[in-house]
>>> print(open('structure-v5.txt').read())   # compact mmCIF, C-alpha atoms
# COMPACT_ATOMS: atom_id res chain seq x y z
CA MET A 223 95.82 -9.40 164.54
CA LEU A 224 98.09 -8.24 161.70
CA PHE A 225 101.47 -9.81 160.96
CA SER A 226 104.12 -8.51 163.34
CA ASP A 227 106.15 -6.33 160.99
CA THR A 228 103.02 -4.44 159.92
CA ILE A 229 102.08 -3.87 163.53
CA GLU A 230 105.45 -2.34 164.23
CA ALA A 231 105.04 0.00 161.26
CA LEU A 232 101.82 1.49 162.69
CA THR A 233 101.63 4.24 165.28
CA PHE A 234 100.32 3.48 168.76
CA GLN A 235 97.07 5.31 167.99
CA GLN A 236 96.61 3.42 164.72
CA ARG A 237 97.15 0.09 166.49
CA ARG A 238 94.63 1.01 169.20
CA ILE A 239 91.96 1.98 166.67
CA LEU A 240 92.51 -1.14 164.58
CA ARG A 241 92.42 -3.31 167.68
CA GLU A 242 88.97 -1.96 168.59
CA HIS A 243 87.72 -2.51 165.05
CA GLU A 244 89.15 -6.02 165.04
CA MET A 245 87.42 -6.90 168.30
CA ASP A 246 84.11 -5.73 166.82
CA MET A 247 84.71 -7.69 163.62
CA ASN A 248 85.33 -10.81 165.70
CA LEU A 249 81.90 -10.28 167.27
CA TRP A 250 80.29 -9.97 163.85
CA GLY A 251 81.95 -13.02 162.33
CA GLY A 252 82.79 -13.12 158.62
CA VAL A 253 85.70 -11.15 157.21
CA THR A 254 88.82 -10.60 159.32
CA LEU A 255 91.14 -7.65 159.55
CA ARG A 256 93.98 -9.62 157.95
CA GLU A 257 91.77 -10.41 154.95
CA ILE A 258 91.04 -6.76 154.17
CA TRP A 259 94.61 -5.53 154.62
CA PRO A 260 96.04 -4.57 151.20
CA GLU A 261 98.44 -7.06 149.70
CA ASN A 262 101.99 -6.09 148.89
CA CYS A 263 102.07 -3.32 151.45
CA ASP A 264 105.63 -2.04 151.82
CA ASN A 265 106.11 -1.95 155.57
CA SER A 266 109.35 -0.04 155.23
CA SER A 267 107.51 2.89 153.66
CA LYS A 268 105.60 5.07 156.12
CA LYS A 269 103.61 6.55 153.27
CA ASP A 270 102.62 3.08 152.03
CA VAL A 271 101.64 1.92 155.53
CA ASN A 272 99.49 5.01 156.11
CA LYS A 273 97.83 4.52 152.74
CA ALA A 274 97.07 0.89 153.59
CA TYR A 275 95.76 1.88 157.02
CA ALA A 276 93.46 4.51 155.49
CA SER A 277 92.06 2.01 152.98
CA VAL A 278 91.34 -0.51 155.75
CA ILE A 279 89.58 2.11 157.87
CA LYS A 280 87.49 3.10 154.85
CA LYS A 281 86.44 -0.54 154.30
CA ILE A 282 85.48 -0.94 157.95
CA GLU A 283 83.51 2.30 157.94
CA ALA A 284 81.63 1.05 154.87
CA MET A 285 80.74 -2.14 156.78
CA ARG A 286 79.54 -0.12 159.75
CA ASN A 287 77.35 2.07 157.55
CA GLU A 288 75.53 -0.89 156.01
CA CYS A 289 72.31 -2.28 157.43
CA SER A 290 73.28 -5.28 159.53
CA ASP A 291 72.25 -8.55 157.88
CA TYR A 292 70.95 -11.15 160.30
CA GLY A 293 70.00 -13.52 157.48
CA GLU A 294 73.09 -15.68 157.86
CA PHE A 295 74.17 -14.46 161.28
CA ASP A 296 74.44 -17.18 163.89
CA SER A 297 74.76 -15.90 167.44
CA GLY A 298 75.34 -19.47 168.60
CA GLU A 299 73.95 -21.05 171.73
CA TYR A 300 73.96 -18.42 174.43
CA ARG A 301 75.53 -19.70 177.60
CA ARG A 302 75.80 -17.59 180.67
CA GLU A 303 77.95 -18.29 183.66
CA LYS A 304 76.04 -19.50 186.70
CA VAL A 305 74.40 -16.61 188.50
CA THR A 306 73.98 -16.55 192.26
CA VAL A 307 71.05 -14.69 193.78
CA ILE A 308 71.91 -12.90 197.02
CA PRO A 309 68.46 -12.29 198.56
CA ASP A 310 69.58 -10.58 201.78
CA PHE A 311 71.60 -7.70 200.39
CA PRO A 312 71.18 -4.66 202.68
CA ALA A 313 70.37 -1.36 201.03
CA ALA A 314 73.29 0.98 200.75
CA GLU A 315 72.97 4.49 202.09
CA LYS A 316 71.95 5.55 198.62
CA ILE A 317 70.24 3.20 196.17
CA MET A 318 68.43 6.11 194.54
CA GLY A 319 70.03 7.57 191.45
CA ARG A 320 69.03 9.27 188.24
CA CYS A 321 68.67 8.26 184.61
CA PRO A 322 71.86 8.02 182.52
CA CYS A 323 71.17 11.14 180.45
CA PRO A 324 74.01 13.69 180.47
CA LYS A 325 74.13 15.37 183.86
CA ASP A 326 75.34 18.70 182.52
CA GLY A 327 73.48 20.74 179.94
CA GLU A 328 70.61 19.48 177.81
CA LEU A 329 72.37 17.50 175.10
CA THR A 330 69.51 15.00 175.15
CA ARG A 331 65.91 15.64 176.07
CA CYS A 332 65.70 14.13 179.58
CA CYS A 333 62.55 13.31 181.58
CA ASN A 334 64.33 13.53 184.94
CA LEU A 335 63.63 9.90 185.81
CA ARG A 336 65.00 8.83 189.18
CA THR A 337 66.22 5.27 189.56
CA LEU A 338 65.84 2.83 192.43
CA ASP A 339 68.29 -0.06 192.55
CA ALA A 340 66.00 -2.51 194.33
CA VAL A 341 67.70 -5.39 192.50
CA GLN A 342 71.20 -5.16 191.06
CA GLN A 343 72.26 -7.15 187.97
CA CYS A 344 70.08 -8.98 185.46
CA ALA A 345 69.65 -12.67 184.68
CA PHE A 346 68.94 -12.01 181.01
CA GLY A 347 71.71 -11.69 178.41
CA CYS A 348 70.85 -8.86 176.01
CA ALA A 349 73.89 -8.21 173.83
CA TYR A 350 73.67 -4.43 174.14
CA CYS A 351 72.98 -4.36 177.90
CA SER A 352 74.80 -1.74 179.96
CA ILE A 353 73.84 -3.33 183.28
CA GLN A 354 76.48 -5.99 182.75
CA SER A 355 79.17 -3.32 182.98
CA PHE A 356 77.89 -1.92 186.28
CA TYR A 357 77.88 -4.94 188.58
CA SER A 358 79.47 -8.33 189.13
CA LYS A 359 78.09 -10.51 186.35
CA ASN A 360 77.83 -13.57 188.58
CA ASN A 361 75.76 -12.12 191.42
CA ILE A 362 72.23 -10.70 191.48
CA LYS A 363 71.70 -8.75 194.67
CA VAL A 364 68.17 -8.25 196.01
CA VAL A 365 67.76 -5.52 198.62
CA SER A 366 66.34 -7.25 201.70
CA ASN A 367 65.31 -4.21 203.72
CA LEU A 368 63.64 -2.33 200.88
CA ASP A 369 60.40 -1.79 202.81
CA SER A 370 62.12 -0.09 205.74
CA TYR A 371 64.46 1.81 203.42
CA LEU A 372 61.54 3.26 201.47
CA GLU A 373 59.60 3.95 204.67
CA ASN A 374 62.38 6.27 205.80
CA LEU A 375 63.21 7.72 202.39
CA VAL A 376 62.79 11.48 202.11
CA LEU A 377 62.21 12.43 198.48
CA GLU A 378 63.88 15.46 197.01
CA ASP A 379 61.66 18.23 195.70
CA GLY A 380 60.47 17.56 192.18
CA VAL A 381 60.86 13.77 192.28
CA TRP A 382 57.72 12.20 190.81
CA HIS A 383 58.89 9.42 188.48
CA ILE A 384 60.99 6.50 189.79
CA GLY A 385 62.08 3.51 187.73
CA THR A 386 63.46 0.18 188.93
CA GLY A 387 64.55 -1.17 185.53
CA GLN A 388 67.91 0.55 185.17
CA SER A 389 69.80 -1.87 187.43
CA SER A 390 67.90 -5.09 186.72
CA ASP A 391 64.75 -6.50 185.16
CA SER A 392 61.90 -5.23 187.34
CA LEU A 393 59.66 -8.28 187.07
CA PHE A 394 62.05 -11.20 186.61
CA PHE A 395 61.53 -12.19 190.25
CA GLY A 396 57.94 -10.97 190.47
CA ASN A 397 57.27 -10.61 194.20
CA ASP A 398 59.43 -13.58 195.22
CA TYR A 399 61.46 -11.43 197.60
CA GLY A 400 58.77 -8.93 198.61
CA THR A 401 60.06 -6.22 196.27
CA LEU A 402 56.66 -5.43 194.76
CA THR A 403 55.02 -5.37 198.19
CA ALA A 404 57.58 -2.80 199.37
CA LEU A 405 57.10 -0.72 196.23
CA GLY A 406 53.32 -0.94 196.64
CA ASN A 407 53.48 0.35 200.21
CA PHE A 408 55.70 3.22 199.08
CA ALA A 409 53.39 4.08 196.15
CA LYS A 410 50.36 4.19 198.47
CA LYS A 411 52.22 6.57 200.77
CA HIS A 412 53.17 8.78 197.80
CA PRO A 413 50.13 8.84 195.46
CA ASP A 414 51.67 11.54 193.25
CA VAL A 415 54.83 9.53 192.63
CA VAL A 416 54.82 7.14 189.64
CA ILE A 417 56.75 3.90 190.09
CA GLU A 418 57.71 2.38 186.74
CA LEU A 419 58.58 -1.29 186.45
CA LYS A 420 60.46 -2.23 183.28
CA THR A 421 60.78 -5.79 182.01
CA LYS A 422 61.46 -8.23 179.19
CA ALA A 423 59.92 -11.09 181.14
CA SER A 424 56.57 -12.78 180.51
CA ARG A 425 55.81 -13.33 184.17
CA SER A 426 52.28 -12.29 185.09
CA ASP A 427 51.57 -13.95 188.47
CA TRP A 428 51.87 -10.54 190.12
CA VAL A 429 48.97 -8.86 188.27
CA ASN A 430 46.41 -9.83 190.93
CA MET A 431 48.38 -8.12 193.69
CA ASP A 432 46.78 -5.14 195.41
CA LEU A 433 49.13 -2.59 193.89
CA PRO A 434 48.09 1.07 193.61
CA ALA A 435 47.41 2.66 190.23
CA ASN A 436 50.60 4.72 190.35
CA ILE A 437 52.67 1.57 189.85
CA ILE A 438 52.95 1.09 186.08
CA ALA A 439 54.46 -1.99 184.47
CA THR A 440 56.21 -1.40 181.16
CA TRP A 441 57.62 -3.89 178.68
CA SER A 442 60.58 -3.44 176.36
CA ILE A 443 59.60 -4.94 173.02
CA ASN A 444 61.55 -5.28 169.80
CA ALA A 445 61.54 -6.58 166.25
CA LYS A 446 61.39 -10.37 166.10
CA THR A 447 64.92 -10.77 164.74
CA ILE A 448 66.45 -8.57 167.43
CA ALA A 449 64.50 -10.22 170.23
CA GLU A 450 65.58 -13.66 169.03
CA LYS A 451 69.23 -12.99 168.17
CA GLU A 452 70.30 -10.21 170.51
CA GLU A 453 68.01 -10.34 173.57
CA HIS A 454 69.15 -13.68 174.92
CA LEU A 455 67.14 -15.62 177.51
CA THR A 456 64.28 -13.12 177.41
CA ALA A 457 60.65 -13.84 176.57
CA SER A 458 59.63 -13.24 172.97
CA SER A 459 58.02 -9.89 172.19
CA GLU A 460 54.76 -11.77 171.64
CA LYS A 461 54.93 -13.22 175.16
CA ARG A 462 55.80 -9.84 176.62
CA ILE A 463 52.76 -8.27 174.96
CA GLU A 464 50.58 -11.14 176.20
CA SER A 465 51.72 -10.39 179.75
CA ALA A 466 50.91 -6.71 179.29
CA VAL A 467 47.43 -7.68 178.06
CA LYS A 468 46.89 -9.74 181.23
CA ALA A 469 47.89 -6.77 183.34
CA ALA A 470 45.52 -4.49 181.42
CA GLU A 471 42.69 -7.01 181.76
CA ASN A 472 43.25 -6.81 185.51
CA GLY A 473 42.72 -3.07 185.41
CA ARG A 474 46.36 -2.02 185.35
CA LEU A 475 47.91 0.71 183.23
CA VAL A 476 50.86 -0.45 181.15
CA GLY A 477 53.53 1.01 178.94
CA PHE A 478 56.05 -0.04 176.31
CA HIS A 479 59.60 0.78 175.30
CA ILE A 480 60.43 0.11 171.65
CA HIS A 481 64.03 0.47 172.54
CA PRO A 482 66.63 -0.09 171.28
CA MET A 483 65.56 0.06 167.68
CA VAL A 484 68.19 -1.55 165.45
CA TYR A 485 68.97 -0.66 161.84
CA PHE A 486 69.09 -4.01 160.03
CA LYS A 487 67.93 -5.51 156.76
CA GLY A 488 64.18 -5.91 157.04
CA TRP A 489 63.81 -3.49 159.96
CA LYS A 490 60.85 -1.65 158.42
CA GLU A 491 58.84 -4.79 157.86
CA GLU A 492 59.57 -6.23 161.30
CA TYR A 493 58.83 -3.07 163.26
CA ALA A 494 55.60 -2.70 161.26
CA GLU A 495 54.64 -6.23 162.33
CA LEU A 496 55.48 -5.37 165.94
CA VAL A 497 53.29 -2.26 165.95
CA LYS A 498 50.46 -4.17 164.28
CA LEU A 499 50.65 -6.89 166.94
CA LEU A 500 50.76 -4.35 169.75
CA THR A 501 47.88 -2.16 168.58
CA SER A 502 45.67 -5.15 167.77
CA SER A 503 46.32 -6.80 171.14
CA ILE A 504 45.62 -4.03 173.62
CA ASN A 505 43.41 -0.97 173.93
CA ALA A 506 45.13 2.40 173.86
CA ASP A 507 43.15 3.43 176.94
CA SER A 508 45.24 0.97 178.99
CA VAL A 509 48.56 2.30 177.70
CA VAL A 510 50.24 5.25 179.38
CA MET A 511 53.38 5.63 177.31
CA ILE A 512 55.59 4.40 174.51
CA GLY A 513 59.25 5.31 174.74
CA ILE A 514 61.32 5.15 171.55
CA GLY A 515 65.10 5.02 171.34
CA THR A 516 68.00 3.19 169.78
CA LEU A 517 71.38 1.65 170.52
CA THR A 518 73.57 3.85 172.70
CA PHE A 519 76.91 2.78 174.15
CA THR A 520 79.32 4.18 176.69
CA LYS A 521 83.04 3.46 176.37
CA GLN A 522 82.79 1.06 179.28
CA ASN A 523 79.82 -0.69 177.71
CA LEU A 524 81.76 -1.22 174.48
CA LYS A 525 84.77 -2.46 176.41
CA VAL A 526 82.67 -5.11 178.20
CA LEU A 527 81.06 -6.19 174.92
CA ARG A 528 84.37 -6.53 173.12
CA GLU A 529 86.12 -8.35 175.91
CA GLY A 530 83.14 -10.66 176.41
CA GLY A 531 83.57 -11.98 172.89
CA LYS A 532 79.96 -13.15 172.42
CA ARG A 533 78.72 -13.03 168.83
CA THR A 534 76.60 -9.96 168.09
CA LEU A 535 75.92 -7.40 165.39
CA VAL A 536 74.93 -4.55 167.70
CA THR A 537 78.33 -2.88 167.35
CA LYS A 538 78.14 -3.07 163.56
CA MET A 539 77.13 0.55 163.30
CA PRO A 540 78.89 3.89 162.73
CA LEU A 541 79.37 4.49 166.50
CA THR A 542 78.84 8.20 166.05
CA PRO A 543 79.62 10.40 169.11
CA ALA A 544 76.35 11.37 170.80
CA ALA A 545 76.28 13.37 174.03
CA GLY A 546 79.32 11.63 175.45
CA LYS A 547 78.25 8.20 174.19
CA TYR A 548 78.13 6.41 170.82
CA SER A 549 75.08 5.79 168.68
CA TYR A 550 73.71 5.99 165.12
CA PRO A 551 74.00 9.23 163.11
CA LEU A 552 71.01 11.56 163.44
CA GLU A 553 69.93 10.81 159.85
CA ILE A 554 69.42 7.12 160.61
CA LYS A 555 67.65 7.88 163.88
CA LYS A 556 65.32 10.30 162.14
CA GLU A 557 64.45 7.67 159.55
CA MET A 558 63.77 4.97 162.14
CA PHE A 559 61.86 7.01 164.69
CA SER A 560 59.64 8.88 162.24
CA TYR A 561 58.79 5.67 160.41
CA LEU A 562 57.90 3.86 163.64
CA TYR A 563 55.69 6.68 164.88
CA SER A 564 53.89 6.84 161.52
CA LEU A 565 52.77 3.23 161.98
CA PHE A 566 50.60 3.97 165.00
CA PRO A 567 46.89 4.78 164.56
CA GLN A 568 45.78 8.32 165.34
CA GLU A 569 43.83 7.06 168.35
CA TRP A 570 47.08 5.90 169.92
CA LYS A 571 48.77 9.22 169.21
CA ARG A 572 45.92 10.97 171.06
CA LYS A 573 45.70 8.62 174.04
CA VAL A 574 49.31 7.52 174.60
CA PHE A 575 52.33 9.61 175.59
CA PHE A 576 55.01 9.01 172.96
CA TYR A 577 58.51 10.23 173.66
CA LEU A 578 62.12 9.83 172.55
CA CYS A 579 64.35 8.35 175.23
CA MET A 580 67.79 9.93 175.71
CA GLU A 581 67.79 11.36 172.20
CA ASP A 582 68.90 14.62 170.63
CA PRO A 583 66.26 17.40 171.00
CA SER A 584 66.43 18.12 167.26
CA LEU A 585 64.79 14.75 166.53
CA TRP A 586 61.50 15.47 168.28
CA MET A 587 59.77 17.69 165.73
CA PRO A 588 60.61 15.69 162.57
CA CYS A 589 59.86 12.37 164.30
CA LEU A 590 56.96 13.06 166.68
CA GLY A 591 55.62 16.36 165.40
CA ARG A 592 56.27 18.20 168.68
CA GLN A 593 59.20 19.45 170.70
CA TYR A 594 60.14 20.95 174.04
CA ASN A 595 62.23 24.01 174.69
CA CYS A 596 63.89 22.45 177.73
CA ASN A 597 63.96 19.32 179.89
CA ALA A 598 61.69 20.91 182.49
CA ASP A 599 58.93 21.36 179.91
CA PHE A 600 59.25 17.72 178.86
CA ASP A 601 59.24 16.58 182.50
CA ASN A 602 56.14 18.62 183.34
CA ASP A 603 54.21 17.46 180.27
CA MET A 604 55.01 13.82 180.98
CA LYS A 605 54.00 14.18 184.63
CA GLU A 606 50.69 15.82 183.75
CA PHE A 607 49.84 13.11 181.23
CA TYR A 608 50.82 10.17 183.46
CA LEU A 609 48.90 11.45 186.48
CA TYR A 610 45.86 12.22 184.32
CA LYS A 611 45.61 8.61 183.19
CA ILE A 612 46.38 7.27 186.68
CA ASN A 613 43.77 9.45 188.36
CA ARG A 614 41.13 8.18 185.94
CA LEU A 615 41.58 4.73 187.50
CA ARG A 616 41.30 5.89 191.10
>>> encode(input="structure-v5.txt", output="structure tokens")
Amino acid sequence: MLFSDTIEALTFQQRRILREHEMDMNLWGGVTLREIWPENCDNSSKKDVNKAYASVIKKIEAMRNECSDYGEFDSGEYRREKVTVIPDFPAAEKIMGRCPCPKDGELTRCCNLRTLDAVQQCAFGCAYCSIQSFYSKNNIKVVSNLDSYLENLVLEDGVWHIGTGQSSDSLFFGNDYGTLTALGNFAKKHPDVVIELKTKASRSDWVNMDLPANIIATWSINAKTIAEKEEHLTASSEKRIESAVKAAENGRLVGFHIHPMVYFKGWKEEYAELVKLLTSSINADSVVMIGIGTLTFTKQNLKVLREGGKRTLVTKMPLTPAAGKYSYPLEIKKEMFSYLYSLFPQEWKRKVFFYLCMEDPSLWMPCLGRQYNCNADFDNDMKEFYLYKINRLR
């Protein structure tokens, strides 16, 4: 870090803050903390040390406020430790949860998604992934008795939307372990419950399965640079869209998450290319939803990223407090989300349910041209739209 006498001259809090910045700077590559520390700092003078500290913090904040530049960024060859699949993991008493929106109050507009941890841990290596901080990174656990668990599951009142992509990639294993069969049986038993699969895989061998219409596969897609340099081991966004097209051609409804959007040099051009590819590849009639969001980190997520030490630029951002987490300032989010939405044809805006995922309620009107007074209104509107499109297929 800094030379030892300077360290001793700083307060504990100053050292902690600088240590976190330094860990992020190590992830970014390039300039080091030592290189931006003012020369000729008099460590015996508290005033001089505080002045030097303030100048360093100002320089780091300026770096964080810049658009990240991936032009010369080299994430290196991504190597992941060997992962063991445990295919006979018994379901815990409770593998149902809820989305990671704030549990108290309505700091973000939440759709009340319930989560089902059918598989725990992911084989992909997305730099920003929060799943890595939840489970053992070396083991992927597949619930072996999912069918019987779901058969005996009593749903709480109001539960209509269940996602399996919060604890793993929903389609990485396809139906290798009978997961989709179990979900299909459950969906047939509960025709008014929507099961959402969420993936960054290109696997499509499952599309011919006899799955009910209320199982919807959704793909997370991103700008080419982000997919290539931050979403390690995943299929390209082009391949993901191709898989969605195959599903649609087999009569399935699909959805997309353009999430997390990243603020980097060239972001406008690349997201415009992504939207053009998407809207020219698939008919809006086959698309239920498009969720939009951006980078959001918990303290634990940041801790795992920093300690992991893998090169990334995802933490090169202001890390503004946001509903108990850290994200971009609202001004940057407003710019990104409104621009992205403006790229879609009017036909898509009429036929597809666009929404902001885990974002501040104040962003809805300037970005999407509509807003909800409360989470319940959002939840009800989403439910009505989803079931309308699903029932058209039945």
>>> closest_residue(input="structure-v5.txt", among="A:Ile504, A:Leu393, A:Leu455, A:Leu335", to="Trp428 in chain A", atoms="all atoms listed in the file")
A:Leu393
>>> atom_distance(input="structure-v5.txt", atom1="CA of Ser277 in chain A", atom2="CA of Leu232 in chain A")
13.8 Å
>>> closest_residue(input="structure-v5.txt", among="A:Glu606, A:Phe576, A:Lys490, A:Trp570", to="Cys289 in chain A", atoms="only C-alpha atoms")
A:Lys490
>>> atom_distance(input="structure-v5.txt", atom1="CA of Lys605 in chain A", atom2="CA of Asn436 in chain A")
11.6 Å
>>> residues_around(input="structure-v5.txt", residues="range 363-369 of chain A", least_positions_apart="2", cutoff="9 Å", atoms="only C-alpha atoms", output="list in words")
Thr306, Val307, Ile308, Pro309, Asp310, Phe311, Pro312, Ala313, Ala314, Asp339, Ala340, Val341, Gln342, Gln343, Asn361, Tyr371, Leu372, Glu373, Asn374, Tyr399, Gly400, Thr401, Thr403, Ala404, Leu405, Asn407 and Phe408 of chain A
>>> write_last_selection(input="structure-v5.txt", atoms="C-alpha atoms", output="mmCIF file, in the coordinates of the input")
data_model
loop_
_atom_site.group_PDB
_atom_site.id
_atom_site.type_symbol
_atom_site.label_atom_id
_atom_site.label_comp_id
_atom_site.auth_asym_id
_atom_site.auth_seq_id
_atom_site.Cartn_x
_atom_site.Cartn_y
_atom_site.Cartn_z
ATOM 1 C CA THR A 306 73.980 -16.550 192.260
ATOM 2 C CA VAL A 307 71.050 -14.690 193.780
ATOM 3 C CA ILE A 308 71.910 -12.900 197.020
ATOM 4 C CA PRO A 309 68.460 -12.290 198.560
ATOM 5 C CA ASP A 310 69.580 -10.580 201.780
ATOM 6 C CA PHE A 311 71.600 -7.700 200.390
ATOM 7 C CA PRO A 312 71.180 -4.660 202.680
ATOM 8 C CA ALA A 313 70.370 -1.360 201.030
ATOM 9 C CA ALA A 314 73.290 0.980 200.750
ATOM 10 C CA ASP A 339 68.290 -0.060 192.550
ATOM 11 C CA ALA A 340 66.000 -2.510 194.330
ATOM 12 C CA VAL A 341 67.700 -5.390 192.500
ATOM 13 C CA GLN A 342 71.200 -5.160 191.060
ATOM 14 C CA GLN A 343 72.260 -7.150 187.970
ATOM 15 C CA ASN A 361 75.760 -12.120 191.420
ATOM 16 C CA TYR A 371 64.460 1.810 203.420
ATOM 17 C CA LEU A 372 61.540 3.260 201.470
ATOM 18 C CA GLU A 373 59.600 3.950 204.670
ATOM 19 C CA ASN A 374 62.380 6.270 205.800
ATOM 20 C CA TYR A 399 61.460 -11.430 197.600
ATOM 21 C CA GLY A 400 58.770 -8.930 198.610
ATOM 22 C CA THR A 401 60.060 -6.220 196.270
ATOM 23 C CA THR A 403 55.020 -5.370 198.190
ATOM 24 C CA ALA A 404 57.580 -2.800 199.370
ATOM 25 C CA LEU A 405 57.100 -0.720 196.230
ATOM 26 C CA ASN A 407 53.480 0.350 200.210
ATOM 27 C CA PHE A 408 55.700 3.220 199.080
#
>>> atom_distance(input="structure-v5.txt", atom1="CA of Ile362 in chain A", atom2="CA of Leu375 in chain A")
23.2 Å
>>> closest_residue(input="structure-v5.txt", among="A:Lys461, A:Arg572, A:Lys269, A:Lys556", to="Val509 in chain A", atoms="all atoms listed in the file")
A:Arg572
>>> residues_around(input="structure-v5.txt", residues="Lys611 in chain A", least_positions_apart="5", cutoff="10 Å", atoms="all atoms listed in the file", output="PDB file with C-alpha atoms, in the frame of the given file")
ATOM      1  CA  ALA A 435      47.410   2.660 190.230  1.00  0.00           C
ATOM      2  CA  ASN A 436      50.600   4.720 190.350  1.00  0.00           C
ATOM      3  CA  LEU A 475      47.910   0.710 183.230  1.00  0.00           C
ATOM      4  CA  ASP A 507      43.150   3.430 176.940  1.00  0.00           C
ATOM      5  CA  SER A 508      45.240   0.970 178.990  1.00  0.00           C
ATOM      6  CA  VAL A 509      48.560   2.300 177.700  1.00  0.00           C
ATOM      7  CA  VAL A 510      50.240   5.250 179.380  1.00  0.00           C
ATOM      8  CA  LYS A 573      45.700   8.620 174.040  1.00  0.00           C
ATOM      9  CA  VAL A 574      49.310   7.520 174.600  1.00  0.00           C
ATOM     10  CA  GLU A 606      50.690  15.820 183.750  1.00  0.00           C
ATOM     11  CA  ARG A 616      41.300   5.890 191.100  1.00  0.00           C
TER      12      ARG A 616
END
>>> closest_residue(input="structure-v5.txt", among="A:Arg336, A:Arg286, A:Glu491, A:Ser503", to="Glu471 in chain A", atoms="all atoms listed in the file")
A:Ser503
